[in-house]
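Student: Supplied in structure tokens, the structure appears directly below.
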Amino acid sequence: MSARTGRALAAVMERVAVTGSEVGVRFPLYADPADGRWTTTGRGSWTGGFWAGLLWLRARYTGAGPDRRAAAACTARLEPWIGADTATRGLIFWYGTAAAGDDAEAAALRDRAAGACRSACDPELGILPWGNALGGPRLLARVDAVPGTVPLLAGAGADGAAAAASHLQRHLDLCLGRPGDGAPWFRPALGFDAATGRWRPCAEPLPGWSRGPAWLLLAVADALLRPAVATAGSAQLTDAAALLVERGGLLTGCPVPPADSDRPDGPLDTSAAAITAVALLKLSRTPGPRAEQYALRAGEILDHLTRSHLTGDDGPRPAGMLLDGCYDAAHHLAVRHELVWGDFFLALALSALHGLVDITRV
């Protein structure tokens, strides 16, 4: 790996240490691009696992006991979310524990969360419903309900793997348009109408939401890396991955997409690019003729992020901030900020390139 990516990884890991000192027992959500000050949340919300995951990545990077204890303590604070009615438990408990290695308490927490999610799956709808813990309708199918949930459920025995396969397949059926059906090629969220028994597209997130294809691609990659989930549908999953990268423009053009593809002159979203890089690195580890192409594109994205969007040590802001992330373009929320999940996926990709983690297992 290059010296430059090594410096970028060092800067990101130092940023984790600085953030930890700033937020204490709270969870960082997004940071102001001008001064790096974090907006935080007390319970972690749907992003809490990314902060725990960053702390585990730092513990791997430094090998220091205090860093490992800080990661373990943060992970323990995720425990109240086990019983919450939300499919984002996949994001919270997979990414909050997967980099913990042989930590027994993190593994136990992950197993409990996986069991709770498996029990909450709706066999008639074929999904783990979005849930109402974060507000809004409960019976939603959203693409951000799939990443993390697939590998989390896959660890819950044969029934869990079957639930993971069903959850992913149902989202692929609902969210990806088929040629000739008159529907948009991508629908990030749909709600179930109990009166008619039909799924209807939601107004939000917007159809052009850049993180949508990235999230779904990540889930497909994780399924392909788990034979118990892919089973006989691996060819279909490979086709779904190809559709997402081609129709989503993930292999061409600027490595960092606009937050809303229907507003190309609007804010960018580096977090979508970082998620895509991780998904492509995973796909490059699966058999197929595009493996090398996926690896090369992941490298291009990471090169662009670290050269053009990562703060250095030569300015007033802290080094290691991944800028130009967009939390919510539609509501003008944190549209050019550092986002904790953007930091996480950048750190995960760089850690994988430098041999700190096995990208197929995190």
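Just so we're on the same page: first chain in the structure tokens is A, next is B, and so on; residues restart at 1 for each chain, and ligands are numbered from 1 in the order they show up.
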List as an NGL selection string the protein and nucleic acid residues near segment 263-275 of chain A, meaning an atom at most 8 Å away when only C-alpha atoms are counted, but skip any in the same chain fewer than 2 places from it.
Tutor: :A and (210-211 or 214-215 or 218 or 255-261 or 277-279 or 301-302 or 305 or 309 or 322-326 or 329 or 335-336 or 339 or 341-343 or 345-346 or 349)
Student: Please list as a list in words every residue within 7 Å of segment 72-78 of chain A, counting only C-alpha atoms and excluding residues in the same chain fewer than 4 positions away.
Tutor: Ala52, Arg68, Gly96 and Ala106 of chain A
Student: Find the residues around segment 192-194 of chain A up to 7 Å (only C-alpha atoms counted), leave out those fewer than 3 positions away in its own chain, and share them as a PyMOL selection string.
Tutor: chain A and resi 139-140+197-200
Student: So, with only C-alpha atoms as the atoms that count, which of A:Val150, A:Ala230, A:Ala298, A:Leu55 lies closest to Arg15 of chain A?
Tutor: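 The answer is A:Leu55, which sits nearest to Arg15 of chain A.
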Student: For Pro205 of chain A, please output as a PyMOL selection string all residues within 10 Å (counting only C-alpha atoms; exclusion window: fewer than 6 positions along the same chain).
Tutor: chain A and resi 142-143+187-190+211-212+260+328-330
Student: Suppose you want the space between atom CA of Tyr327 of chain A and atom CA of Ser45 of chain A; what is it in Å?
Tutor: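 Atom-to-atom, atom CA of Tyr327 of chain A to atom CA of Ser45 of chain A, that is 13.7 Å.
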Student: Write out as a PyMOL selection string all residues of segment 250-348 of chain A that backbone DSSP assigns to alpha helix (DSSP H).
Tutor: chain A and resi 270-283+291-308+340-348
Student: If you run DSSP over the backbone, which residues in segment 36-111 of chain A end up strand (DSSP E)? Put them as a PyMOL selection string.
Tutor: chain A and resi 38-41
Student: Pull all heavy atoms from the residues just selected and write them as a short mmCIF file (atom, residue, chain, number, x, y, z; two decimals), in the first residue's frame.
Tutor:
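Heads up, here's the output in result39.cif:
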data_model
loop_
_atom_site.label_atom_id
_atom_site.label_comp_id
_atom_site.auth_asym_id
_atom_site.auth_seq_id
_atom_site.Cartn_x
_atom_site.Cartn_y
_atom_site.Cartn_z
N TRP A 38 -18.51 18.45 16.96
CA TRP A 38 -19.51 17.41 16.70
C TRP A 38 -20.87 17.76 17.29
O TRP A 38 -20.96 18.27 18.41
CB TRP A 38 -19.07 16.08 17.30
CG TRP A 38 -17.97 15.41 16.56
CD1 TRP A 38 -16.63 15.48 16.82
CD2 TRP A 38 -18.11 14.55 15.42
NE1 TRP A 38 -15.93 14.74 15.92
CE2 TRP A 38 -16.81 14.15 15.05
CE3 TRP A 38 -19.19 14.08 14.69
CZ2 TRP A 38 -16.57 13.30 13.98
CZ3 TRP A 38 -18.97 13.23 13.62
CH2 TRP A 38 -17.66 12.85 13.27
N THR A 39 -21.91 17.44 16.54
CA THR A 39 -23.25 17.31 17.09
C THR A 39 -23.38 15.87 17.56
O THR A 39 -23.02 14.94 16.82
CB THR A 39 -24.32 17.63 16.02
OG1 THR A 39 -24.23 19.01 15.69
CG2 THR A 39 -25.72 17.31 16.53
N THR A 40 -23.85 15.66 18.77
CA THR A 40 -23.84 14.33 19.37
C THR A 40 -25.25 13.90 19.78
O THR A 40 -26.18 14.69 19.82
CB THR A 40 -22.93 14.29 20.61
OG1 THR A 40 -23.47 15.18 21.61
CG2 THR A 40 -21.51 14.71 20.27
N THR A 41 -25.37 12.63 20.12
CA THR A 41 -26.61 12.08 20.62
C THR A 41 -26.29 11.20 21.83
O THR A 41 -25.22 10.57 21.88
CB THR A 41 -27.34 11.26 19.53
OG1 THR A 41 -28.50 10.64 20.08
CG2 THR A 41 -26.45 10.19 18.94
#
Student: Using only C-alpha atoms, can you tell me which of A:Leu168, A:Leu91, A:Ala352, A:Cys121 comes closest to Gly148 of chain A?
Tutor: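 Ranking A:Leu168, A:Leu91, A:Ala352, A:Cys121 by distance to Gly148 of chain A, first place goes to A:Leu91.
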Student: Which one is closest to Asp103 of chain A: A:Leu29, A:Leu281, A:Ala71, A:Val229? Count only C-alpha atoms.
Tutor: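 Looking at the shortest contact to Asp103 of chain A, the residue is A:Ala71.
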Student: Using only C-alpha atoms, pick whichever of A:Leu153, A:Ala113, A:Ala347, A:Val25 has the shortest atom-to-atom distance to Gly6 of chain A.
Tutor: A:Ala347
Student: Given the choices A:Glu246, A:Arg226, A:Gly315, A:Ser166, which gets closest to Arg285 of chain A if the distance is worked out from only C-alpha atoms?
Tutor: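 Of A:Glu246, A:Arg226, A:Gly315, A:Ser166, the one nearest Arg285 of chain A, counting only C-alpha atoms, is A:Arg226.
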Student: Expressed in Å to a single decimal, how great is the separation between atom CA of Glu338 of chain A and atom CA of Tyr30 of chain A?
Tutor: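 So the answer is 5.5 Å.
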Student: Which of these, A:Cys117, A:Ala98, A:Leu125, A:Arg58, has the shortest distance to Gly83 of chain A once you count only C-alpha atoms?
Tutor: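 Among A:Cys117, A:Ala98, A:Leu125, A:Arg58, it is A:Cys117 that comes nearest to Gly83 of chain A.
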Student: I'd like the contact shell of Gly135 of chain A - 12 Å cut-off, only C-alpha atoms, skipping same-chain residues fewer than 3 positions apart - returned as a ChimeraX atom specification.
Tutor: /A:45,84-86,130-132,138-140
Student: Which residues come within 12 Å of Leu176 of chain A, counting only C-alpha atoms, excluding same-chain residues fewer than 5 positions away, as a short mmCIF file (atom, residue, chain, number, x, y, z; two decimals) with all heavy atoms, in the first residue's frame?
Tutor:
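Generated file (out35.cif):
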data_model
loop_
_atom_site.label_atom_id
_atom_site.label_comp_id
_atom_site.auth_asym_id
_atom_site.auth_seq_id
_atom_site.Cartn_x
_atom_site.Cartn_y
_atom_site.Cartn_z
N ARG A 142 -36.95 -0.37 3.42
CA ARG A 142 -36.00 0.68 3.06
C ARG A 142 -34.64 0.05 2.82
O ARG A 142 -34.24 -0.89 3.52
CB ARG A 142 -35.87 1.70 4.19
CG ARG A 142 -37.04 2.64 4.33
CD ARG A 142 -36.81 3.65 5.44
NE ARG A 142 -35.51 4.32 5.38
CZ ARG A 142 -35.34 5.64 5.48
NH1 ARG A 142 -36.38 6.43 5.64
NH2 ARG A 142 -34.13 6.16 5.42
N VAL A 143 -33.92 0.59 1.85
CA VAL A 143 -32.63 -0.02 1.52
C VAL A 143 -31.63 0.07 2.67
O VAL A 143 -30.76 -0.80 2.79
CB VAL A 143 -32.03 0.61 0.25
CG1 VAL A 143 -32.81 0.20 -0.98
CG2 VAL A 143 -31.95 2.12 0.36
N LEU A 168 -33.20 -9.77 2.15
CA LEU A 168 -32.49 -9.16 1.03
C LEU A 168 -33.26 -9.33 -0.26
O LEU A 168 -33.42 -8.37 -1.03
CB LEU A 168 -31.10 -9.77 0.90
CG LEU A 168 -30.28 -9.32 -0.32
CD1 LEU A 168 -30.10 -7.81 -0.34
CD2 LEU A 168 -28.93 -10.04 -0.35
N GLN A 169 -33.74 -10.54 -0.53
CA GLN A 169 -34.43 -10.79 -1.79
C GLN A 169 -35.69 -9.94 -1.92
O GLN A 169 -35.98 -9.39 -2.99
CB GLN A 169 -34.79 -12.26 -1.91
CG GLN A 169 -35.38 -12.64 -3.26
CD GLN A 169 -34.43 -12.29 -4.41
OE1 GLN A 169 -33.31 -12.78 -4.45
NE2 GLN A 169 -34.87 -11.45 -5.33
N ARG A 170 -36.42 -9.80 -0.83
CA ARG A 170 -37.63 -9.00 -0.87
C ARG A 170 -37.30 -7.53 -1.18
O ARG A 170 -38.00 -6.87 -1.96
CB ARG A 170 -38.38 -9.10 0.45
CG ARG A 170 -39.79 -8.55 0.40
CD ARG A 170 -40.67 -9.46 -0.44
NE ARG A 170 -42.05 -9.01 -0.44
CZ ARG A 170 -42.75 -8.71 -1.52
NH1 ARG A 170 -42.17 -8.78 -2.71
NH2 ARG A 170 -44.01 -8.35 -1.45
N HIS A 171 -36.24 -7.02 -0.58
CA HIS A 171 -35.84 -5.64 -0.86
C HIS A 171 -35.36 -5.49 -2.31
O HIS A 171 -35.64 -4.46 -2.94
CB HIS A 171 -34.76 -5.18 0.12
CG HIS A 171 -35.31 -4.77 1.45
ND1 HIS A 171 -35.66 -5.66 2.42
CD2 HIS A 171 -35.59 -3.53 1.96
CE1 HIS A 171 -36.11 -5.01 3.48
NE2 HIS A 171 -36.08 -3.72 3.22
N ASP A 181 -41.31 -2.53 -16.77
CA ASP A 181 -42.42 -2.47 -15.82
C ASP A 181 -42.90 -1.04 -15.58
O ASP A 181 -43.85 -0.80 -14.84
CB ASP A 181 -42.06 -3.14 -14.49
CG ASP A 181 -40.98 -2.42 -13.69
OD1 ASP A 181 -40.51 -1.35 -14.15
OD2 ASP A 181 -40.61 -2.92 -12.61
N GLY A 182 -42.25 -0.05 -16.22
CA GLY A 182 -42.69 1.33 -16.11
C GLY A 182 -42.31 2.02 -14.82
O GLY A 182 -42.62 3.20 -14.64
N ALA A 183 -41.63 1.32 -13.93
CA ALA A 183 -41.26 1.89 -12.64
C ALA A 183 -39.86 2.48 -12.72
O ALA A 183 -39.06 2.10 -13.59
CB ALA A 183 -41.29 0.81 -11.55
N PRO A 184 -39.53 3.44 -11.83
CA PRO A 184 -38.15 3.93 -11.76
C PRO A 184 -37.20 2.76 -11.50
O PRO A 184 -37.58 1.76 -10.88
CB PRO A 184 -38.18 4.90 -10.57
CG PRO A 184 -39.61 5.28 -10.40
CD PRO A 184 -40.40 4.08 -10.82
N TRP A 185 -35.97 2.93 -11.97
CA TRP A 185 -35.05 1.79 -11.81
C TRP A 185 -34.72 1.52 -10.35
O TRP A 185 -34.38 0.39 -9.99
CB TRP A 185 -33.77 2.03 -12.61
CG TRP A 185 -32.71 2.81 -11.88
CD1 TRP A 185 -32.57 4.16 -11.87
CD2 TRP A 185 -31.65 2.28 -11.06
NE1 TRP A 185 -31.48 4.51 -11.09
CE2 TRP A 185 -30.91 3.39 -10.58
CE3 TRP A 185 -31.27 0.99 -10.68
CZ2 TRP A 185 -29.81 3.23 -9.75
CZ3 TRP A 185 -30.16 0.84 -9.85
CH2 TRP A 185 -29.45 1.95 -9.39
N PHE A 186 -34.86 2.54 -9.50
CA PHE A 186 -34.50 2.38 -8.09
C PHE A 186 -35.51 3.10 -7.21
O PHE A 186 -35.83 4.26 -7.44
CB PHE A 186 -33.09 2.94 -7.83
CG PHE A 186 -32.56 2.60 -6.46
CD1 PHE A 186 -32.00 1.37 -6.21
CD2 PHE A 186 -32.64 3.52 -5.43
CE1 PHE A 186 -31.53 1.04 -4.96
CE2 PHE A 186 -32.17 3.19 -4.17
CZ PHE A 186 -31.61 1.95 -3.93
N ARG A 187 -36.00 2.39 -6.20
CA ARG A 187 -36.93 2.96 -5.22
C ARG A 187 -36.37 2.70 -3.84
O ARG A 187 -36.34 1.55 -3.39
CB ARG A 187 -38.31 2.30 -5.38
CG ARG A 187 -39.01 2.67 -6.68
CD ARG A 187 -40.12 1.70 -7.03
NE ARG A 187 -39.59 0.41 -7.42
CZ ARG A 187 -40.29 -0.52 -8.07
NH1 ARG A 187 -41.53 -0.29 -8.44
NH2 ARG A 187 -39.74 -1.68 -8.37
N PRO A 188 -35.89 3.73 -3.15
CA PRO A 188 -35.20 3.50 -1.88
C PRO A 188 -36.10 3.09 -0.72
O PRO A 188 -35.61 2.51 0.25
CB PRO A 188 -34.54 4.86 -1.60
CG PRO A 188 -35.31 5.85 -2.39
CD PRO A 188 -35.81 5.13 -3.59
N ALA A 189 -37.40 3.38 -0.79
CA ALA A 189 -38.28 3.04 0.32
C ALA A 189 -39.70 2.83 -0.18
O ALA A 189 -40.18 3.58 -1.05
CB ALA A 189 -38.25 4.14 1.38
N LEU A 190 -40.36 1.81 0.39
CA LEU A 190 -41.75 1.54 0.06
C LEU A 190 -42.50 1.21 1.35
O LEU A 190 -41.93 0.63 2.28
CB LEU A 190 -41.89 0.36 -0.92
CG LEU A 190 -41.19 0.52 -2.27
CD1 LEU A 190 -39.80 -0.13 -2.22
CD2 LEU A 190 -42.02 -0.10 -3.40
N PRO A 201 -44.39 3.11 -3.26
CA PRO A 201 -43.17 3.92 -3.04
C PRO A 201 -43.44 5.08 -2.10
O PRO A 201 -44.51 5.69 -2.12
CB PRO A 201 -42.83 4.42 -4.46
CG PRO A 201 -43.47 3.43 -5.38
CD PRO A 201 -44.74 3.00 -4.69
N PRO A 207 -35.97 9.55 -4.74
CA PRO A 207 -35.51 8.49 -5.66
C PRO A 207 -34.04 8.61 -6.04
O PRO A 207 -33.38 7.59 -6.29
CB PRO A 207 -36.42 8.67 -6.88
CG PRO A 207 -37.65 9.32 -6.34
CD PRO A 207 -37.18 10.23 -5.24
N GLY A 212 -28.67 5.29 -1.40
CA GLY A 212 -29.54 4.15 -1.62
C GLY A 212 -28.87 3.00 -2.36
O GLY A 212 -28.76 1.88 -1.83
N PRO A 213 -28.39 3.22 -3.60
CA PRO A 213 -27.71 2.13 -4.30
C PRO A 213 -26.47 1.63 -3.56
O PRO A 213 -26.15 0.43 -3.60
CB PRO A 213 -27.33 2.77 -5.64
CG PRO A 213 -28.33 3.87 -5.82
CD PRO A 213 -28.57 4.41 -4.45
N LEU A 216 -27.59 -0.76 -0.74
CA LEU A 216 -28.08 -2.04 -1.25
C LEU A 216 -26.93 -2.86 -1.84
O LEU A 216 -26.88 -4.09 -1.66
CB LEU A 216 -29.17 -1.81 -2.29
CG LEU A 216 -30.06 -3.02 -2.62
CD1 LEU A 216 -30.65 -3.64 -1.38
CD2 LEU A 216 -31.15 -2.61 -3.60
N LEU A 217 -26.00 -2.20 -2.50
CA LEU A 217 -24.84 -2.91 -3.04
C LEU A 217 -24.02 -3.54 -1.91
O LEU A 217 -23.53 -4.67 -2.03
CB LEU A 217 -23.97 -1.96 -3.85
CG LEU A 217 -22.77 -2.59 -4.55
CD1 LEU A 217 -23.22 -3.52 -5.66
CD2 LEU A 217 -21.85 -1.51 -5.13
N ASP A 239 -26.01 -10.59 -10.59
CA ASP A 239 -26.69 -9.74 -11.55
C ASP A 239 -27.19 -8.45 -10.89
O ASP A 239 -27.14 -7.37 -11.50
CB ASP A 239 -27.87 -10.48 -12.18
CG ASP A 239 -27.43 -11.60 -13.12
OD1 ASP A 239 -26.25 -11.60 -13.53
OD2 ASP A 239 -28.27 -12.47 -13.44
N ALA A 240 -27.70 -8.57 -9.66
CA ALA A 240 -28.18 -7.38 -8.94
C ALA A 240 -27.03 -6.42 -8.68
O ALA A 240 -27.18 -5.19 -8.82
CB ALA A 240 -28.84 -7.79 -7.63
N ALA A 241 -25.87 -6.96 -8.33
CA ALA A 241 -24.70 -6.11 -8.10
C ALA A 241 -24.33 -5.38 -9.39
O ALA A 241 -24.04 -4.17 -9.38
CB ALA A 241 -23.53 -6.94 -7.59
N LEU A 243 -26.27 -4.63 -11.88
CA LEU A 243 -27.29 -3.62 -12.17
C LEU A 243 -27.08 -2.37 -11.33
O LEU A 243 -27.16 -1.24 -11.83
CB LEU A 243 -28.68 -4.20 -11.89
CG LEU A 243 -29.85 -3.22 -12.05
CD1 LEU A 243 -30.01 -2.78 -13.49
CD2 LEU A 243 -31.15 -3.87 -11.54
N LEU A 244 -26.79 -2.57 -10.05
CA LEU A 244 -26.58 -1.42 -9.16
C LEU A 244 -25.38 -0.59 -9.57
O LEU A 244 -25.44 0.65 -9.57
CB LEU A 244 -26.43 -1.91 -7.72
CG LEU A 244 -27.72 -2.36 -7.03
CD1 LEU A 244 -27.43 -3.22 -5.81
CD2 LEU A 244 -28.54 -1.14 -6.62
N ARG A 247 -26.39 1.00 -13.37
CA ARG A 247 -27.45 2.00 -13.38
C ARG A 247 -27.17 3.12 -12.38
O ARG A 247 -27.58 4.27 -12.58
CB ARG A 247 -28.81 1.34 -13.07
CG ARG A 247 -29.27 0.35 -14.11
CD ARG A 247 -29.55 1.01 -15.45
NE ARG A 247 -30.59 2.03 -15.38
CZ ARG A 247 -31.90 1.81 -15.49
NH1 ARG A 247 -32.33 0.55 -15.71
NH2 ARG A 247 -32.77 2.78 -15.42
N GLY A 248 -26.48 2.78 -11.28
CA GLY A 248 -26.14 3.81 -10.31
C GLY A 248 -24.91 4.61 -10.66
O GLY A 248 -24.55 5.54 -9.93
#
